[in-house]
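To start, the structure itself, in structure tokens.
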There are 2 protein chains.
Amino acid sequence: MHASPEGIVNSLILTATSTYSSKKTTNAILTFAALKLTANFEPCFCVFAGCVHYSGDPTLFEEYWLTQPDAPTVIPSWQGMSYFAHRNNDYLFVDYFLEQAIRKIHGMVGNAVTEGRYIVLGVGSTQLYQAALYALASPESPSPTPVVSAIPHYSSFEGCTKFMDSRKYKWVGDAEKFKRSATKDQPYIELVTSPNNPCGSMNKPVVNGNGSVVNDLAYYWPHYTAITAPADYPIMLWTMSKISGHAGTRLGWAIVEDASVAAKMAYFIQLNTLGLSQDAQARGITLLRAIMSSYENQRAGGVERERQPFFHYGQAVLEGRWRRMRQALDNTSRFDLPEYESSFCSFLGKNFRANPAFLWLKCKAEEDCQQLLKENKIIARGGAVFGMSTQYVRVSMLDRHPLFDLLLARLASLK
Amino acid sequence: MHASPEGIVNSLILTATSTYSSKKTTNAILTFAALKLTANFEPCFCVFAGCVHYSGDPTLFEEYWLTQPDAPTVIPSWQGMSYFAHRNNDYLFVDYFLEQAIRKIHGMVGNAVTEGRYIVLGVGSTQLYQAALYALASPESPSPTPVVSAIPHYSSFEGCTKFMDSRKYKWVGDAEKFKRSATKDQPYIELVTSPNNPCGSMNKPVVNGNGSVVNDLAYYWPHYTAITAPADYPIMLWTMSKISGHAGTRLGWAIVEDASVAAKMAYFIQLNTLGLSQDAQARGITLLRAIMSSYENQRAGGVERERQPFFHYGQAVLEGRWRRMRQALDNTSRFDLPEYESSFCSFLGKNFRANPAFLWLKCKAEEDCQQLLKENKIIARGGAVFGMSTQYVRVSMLDRHPLFDLLLARLASLK
């Protein structure tokens, strides 16, 4: 999602592409028009011309779950009524069985250390990101703590840092630039997304001073990249949406080393939303268990497999999409694409090249790459919101199959 | 929930009262002790001495839902995966069927005008409260917009207003005091909770200047008070937790008159948590429909009733509790209680006296009323967090039956 006013309108248009009622669409556009958020109504025209948004909704995985009808979440009417998850005492709102499932799936995949760490839940990693800023902002500092991230960085960091106009922290952006000007011992919070959103690279911190680092590991799962070692950082953010594709469940978690940081993050969640939905947690338990059971069934040799092993499925589908994408881009000479190296994945037991969730394109000519795509009915996110030039554009690889096929055809047609 | 650090510890103790594992409890206490949030470990002792928290968790209604086993929420694994609720276009994250159910139940009960209004959903009314501040804070004002509420006011308003240390608004508190010192045309945001939390009175705005008013109507339902007219205010906040008792679902909604205010609130929800759980929304649809169907079945005379009419049940249970509470308090001369008048309820078709969700006690002697109760193993919220003196204390009337019985016995024993 965009974090800009224009982003609202764009998102609205995305919804409108799958609308059931043109009257309702018109109402929605009028509502947002009332806000005067945009003076440019071109996108509205674009919808009716057949534009498609490739913004990052991970609907690709729907197909897997449609073929696994034995994993519904059933919540009796009397279940989970209390504010508190009574099965857990470390944090008031955390379901004990969900916490166990989270620790278990990281153990199975081998992508994170959880032993001796605290699990803090949030309404998606979006909320946990804000909880981390709240917990890490220096209370001693007379001025707001700078928040930095190497470019290109995740497009929502800026908006989520700025919107409350807090005195606790401030958005500074480009971490390399900050490093050059920062004094020794200056407090800061650095955000490191790895694999990176938008470009898929395996990022490390760049400031390496006396600040705090938040590691956003949303995409460190075998469908997107080889798992080479368990991630082991003080604050790691994860989200259901990029594992199973259930973005709508709004379930994220932080794995936190320090008890007081974890407690402050949990306190933020309490003040901000009085915990998080027990229903989302129930769903999370069902889905994580379904993924894990797809491997248990797999191991029970001889017995008919009930469920396709999830990460094997995801990696194969994304690898196939990237193969087709590279072929499509071979038909055009207008874009540059980052190179991705092969690594050995300890979980899948094979070498493979990263299959990032996003296509990070650079127009070879000095032109507005987002605009170029828009003219070809592909709505994607331009480089500016990632801290880069308009020569770059980010296109989601995770849309439903028919829309992905359309994307290939439209890109290949750009001679 | 308390909004203070001490509140975390108290809440923790609450959980510990229903703990399954003393080892986990000890871990939890150690975790929070690491935060040095409290130097007073007396509450820990209190837990083991059999103290009970009466803080406002609406578990009373569990009993109703346990007798209605035909209202489970079933979510297939592939449902609600997208960030967006594709069945609605007015707001990206709002399920169309939930919006319809919300409008329908207000229409059935007659407690709010929804026609021509926007419905904005949030993670409980806690988040919507913050969304309203965000939307209403004056962008033109050189200083933060004052946030005020007549005392006694809801205890979480202060913490939820302060914790982000925003430059947009600031907590000022006591609305009467603000009115006396405010200049004409000074922007402000006034919070009006009616029926009021903690004291149950039917509040009106007190400043009546050129500011904005947010009406918190969480308790304007027939179990708590007579419905005398549909509420008709520019911004009205509601929450599932106080209707059906499903606090853990974290589902609130705002009914908003102005399109731009509604859009700004929705934008806050987008930046803060990227929408809200589709699972919580699915649960909300099931529960609101179950409540409404308890009346449809009722009306189908002759046919066996499947479900007890919900609000009739709730009003009868709370009326019974208040009768017993008044009898228990007759045994002691230490407290004063507010008087509540009778009104004619258009929905239940009868006159009755309000049955507030909280007992708002004043110690007749000049003493710390929270401390007095604590010595008698009743943990309740002292007057100070409501902007009042320590002579007042708020005790929840909505706990599970055995705990309510214990409360009666303990209060009656205070000679």
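Here, A, B, ... name the chains of the structure tokens in the order displayed, residue numbers run from 1 inside each chain, and ligands are numbered from 1 in the same displayed order.
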Practice prompt. For Trp171 in chain A, work out the shell of residues within 7 Å, counting only C-alpha atoms and skipping chain neighbours fewer than 6 positions away, then give it as a list in words.
Written response: Pro146, Val147, Val148, Glu158, Thr161 and Lys162 of chain A
Practice prompt. Excluding range 96-101 of chain A and any residue of its chain fewer than 2 positions from it, enumerate the residues within 9 Å of it, using only C-alpha atoms, and give them as number ranges by chain.
Written response: A: 85-89, 94, 103-106, 119-121, 281-282, 284-286, 288-289, 292
Worksheet entry | DSSP-assigned helix (DSSP H, G or I) members of range 69-264 of chain B, reported as a VMD selection string | chain B and resid 96 to 109 124 to 136 156 to 162 175 to 181 240 to 243 247 to 249 259 to 264
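Closest to Gln370 in chain A among A:His53, A:Ile255, A:Gly159, A:Ala175 is A:His53, based on only C-alpha atoms.
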Practice prompt. Would you kindly report the residues of chain B within 6 Å of chain A, using only C-alpha atoms, as a PyMOL selection string?
Written response: chain B and resi 25+28+31+35+62+65-66+71-78+80-83+89-90+123+126-127+160+164-167+246-250+259-260+271+273+277-280
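Going from CA of Val214 in chain A over to CA of Thr145 in chain A, you cover 13.9 Å.
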Discussion item. So that I can check the secondary structure, give me every residue of range 218-257 of chain A assigned strand (DSSP E or B) by backbone DSSP, as a VMD selection string.
Written reply: chain A and resid 231 235 to 239 252 to 256
Proximity check range 262-348 of chain B to range 385-405 of chain B, 12 Å, nearest pairs one decimal Å, only C-alpha atoms, as a tab-separated table:
residue	atom	partner	partner_atom	distance
B:Gly314	CA	B:Leu398	CA	10.6
B:Val317	CA	B:Leu398	CA	10.0
B:Leu318	CA	B:Met397	CA	8.0
B:Glu319	CA	B:Met397	CA	10.8
B:Gly320	CA	B:Met397	CA	11.1
B:Arg321	CA	B:Met397	CA	7.7
B:Trp322	CA	B:Met397	CA	8.3
B:Arg323	CA	B:Met397	CA	11.8
B:Arg324	CA	B:Asp405	CA	9.3
B:Met325	CA	B:Met397	CA	9.1
B:Ala328	CA	B:Asp405	CA	10.2
B:Arg334	CA	B:Gln391	CA	11.2
B:Phe335	CA	B:Tyr392	CA	9.4
B:Asp336	CA	B:Tyr392	CA	9.4
B:Leu337	CA	B:Tyr392	CA	10.0
B:Pro338	CA	B:Tyr392	CA	11.4
Worksheet entry | Surrounding residues of range 199-207 of chain A excluding itself and chain neighbours under 6 positions, 6 Å, only C-alpha atoms, as a count of residues only | 3
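Nearest to Ala365 in chain B of all the residues B:Ser333, B:Ala231, B:Ala135, B:Phe347 is B:Ser333, based on only C-alpha atoms.
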Give me, as a JSON list (two decimals) with all heavy atoms, in the first residue's frame, all polymer residues having an atom no more than 6 Å from range 329-331 of chain B, counting only C-alpha atoms and skipping those fewer than 2 positions away in the same chain.
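Result file follows (part-v4.json):
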[["chain", "number", "residue", "atom", "x", "y", "z"],
["B", 326, "ARG", "N", -27.73, -4.04, 44.75],
["B", 326, "ARG", "CA", -28.31, -3.05, 45.68],
["B", 326, "ARG", "C", -28.61, -3.69, 47.02],
["B", 326, "ARG", "O", -28.41, -3.07, 48.08],
["B", 326, "ARG", "CB", -29.57, -2.43, 45.06],
["B", 326, "ARG", "CG", -29.25, -1.47, 43.91],
["B", 326, "ARG", "CD", -30.44, -0.59, 43.54],
["B", 326, "ARG", "NE", -29.99, 0.51, 42.68],
["B", 326, "ARG", "CZ", -29.92, 0.45, 41.34],
["B", 326, "ARG", "NH1", -30.33, -0.65, 40.71],
["B", 326, "ARG", "NH2", -29.47, 1.47, 40.65],
["B", 327, "GLN", "N", -29.08, -4.96, 46.98],
["B", 327, "GLN", "CA", -29.33, -5.67, 48.24],
["B", 327, "GLN", "C", -28.03, -5.87, 49.02],
["B", 327, "GLN", "O", -27.97, -5.65, 50.23],
["B", 327, "GLN", "CB", -29.96, -7.05, 47.96],
["B", 327, "GLN", "CG", -31.44, -6.97, 47.57],
["B", 327, "GLN", "CD", -31.94, -8.25, 46.93],
["B", 327, "GLN", "OE1", -31.21, -9.24, 46.79],
["B", 327, "GLN", "NE2", -33.20, -8.25, 46.52],
["B", 412, "ALA", "N", -20.66, -7.10, 50.54],
["B", 412, "ALA", "CA", -21.63, -7.16, 51.63],
["B", 412, "ALA", "C", -20.94, -7.34, 52.98],
["B", 412, "ALA", "O", -21.47, -6.95, 54.02],
["B", 412, "ALA", "CB", -22.61, -8.31, 51.38]]
Worksheet, complete the sentence: Students should find that CA of His153 in chain A and CA of Ala112 in chain A are spaced 22.1 Å
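Among the candidates B:Pro187, B:Glu296, B:Asp232, B:Phe178, the residue lying nearest to Pro142 in chain B is B:Pro187 (atoms considered: only C-alpha atoms).
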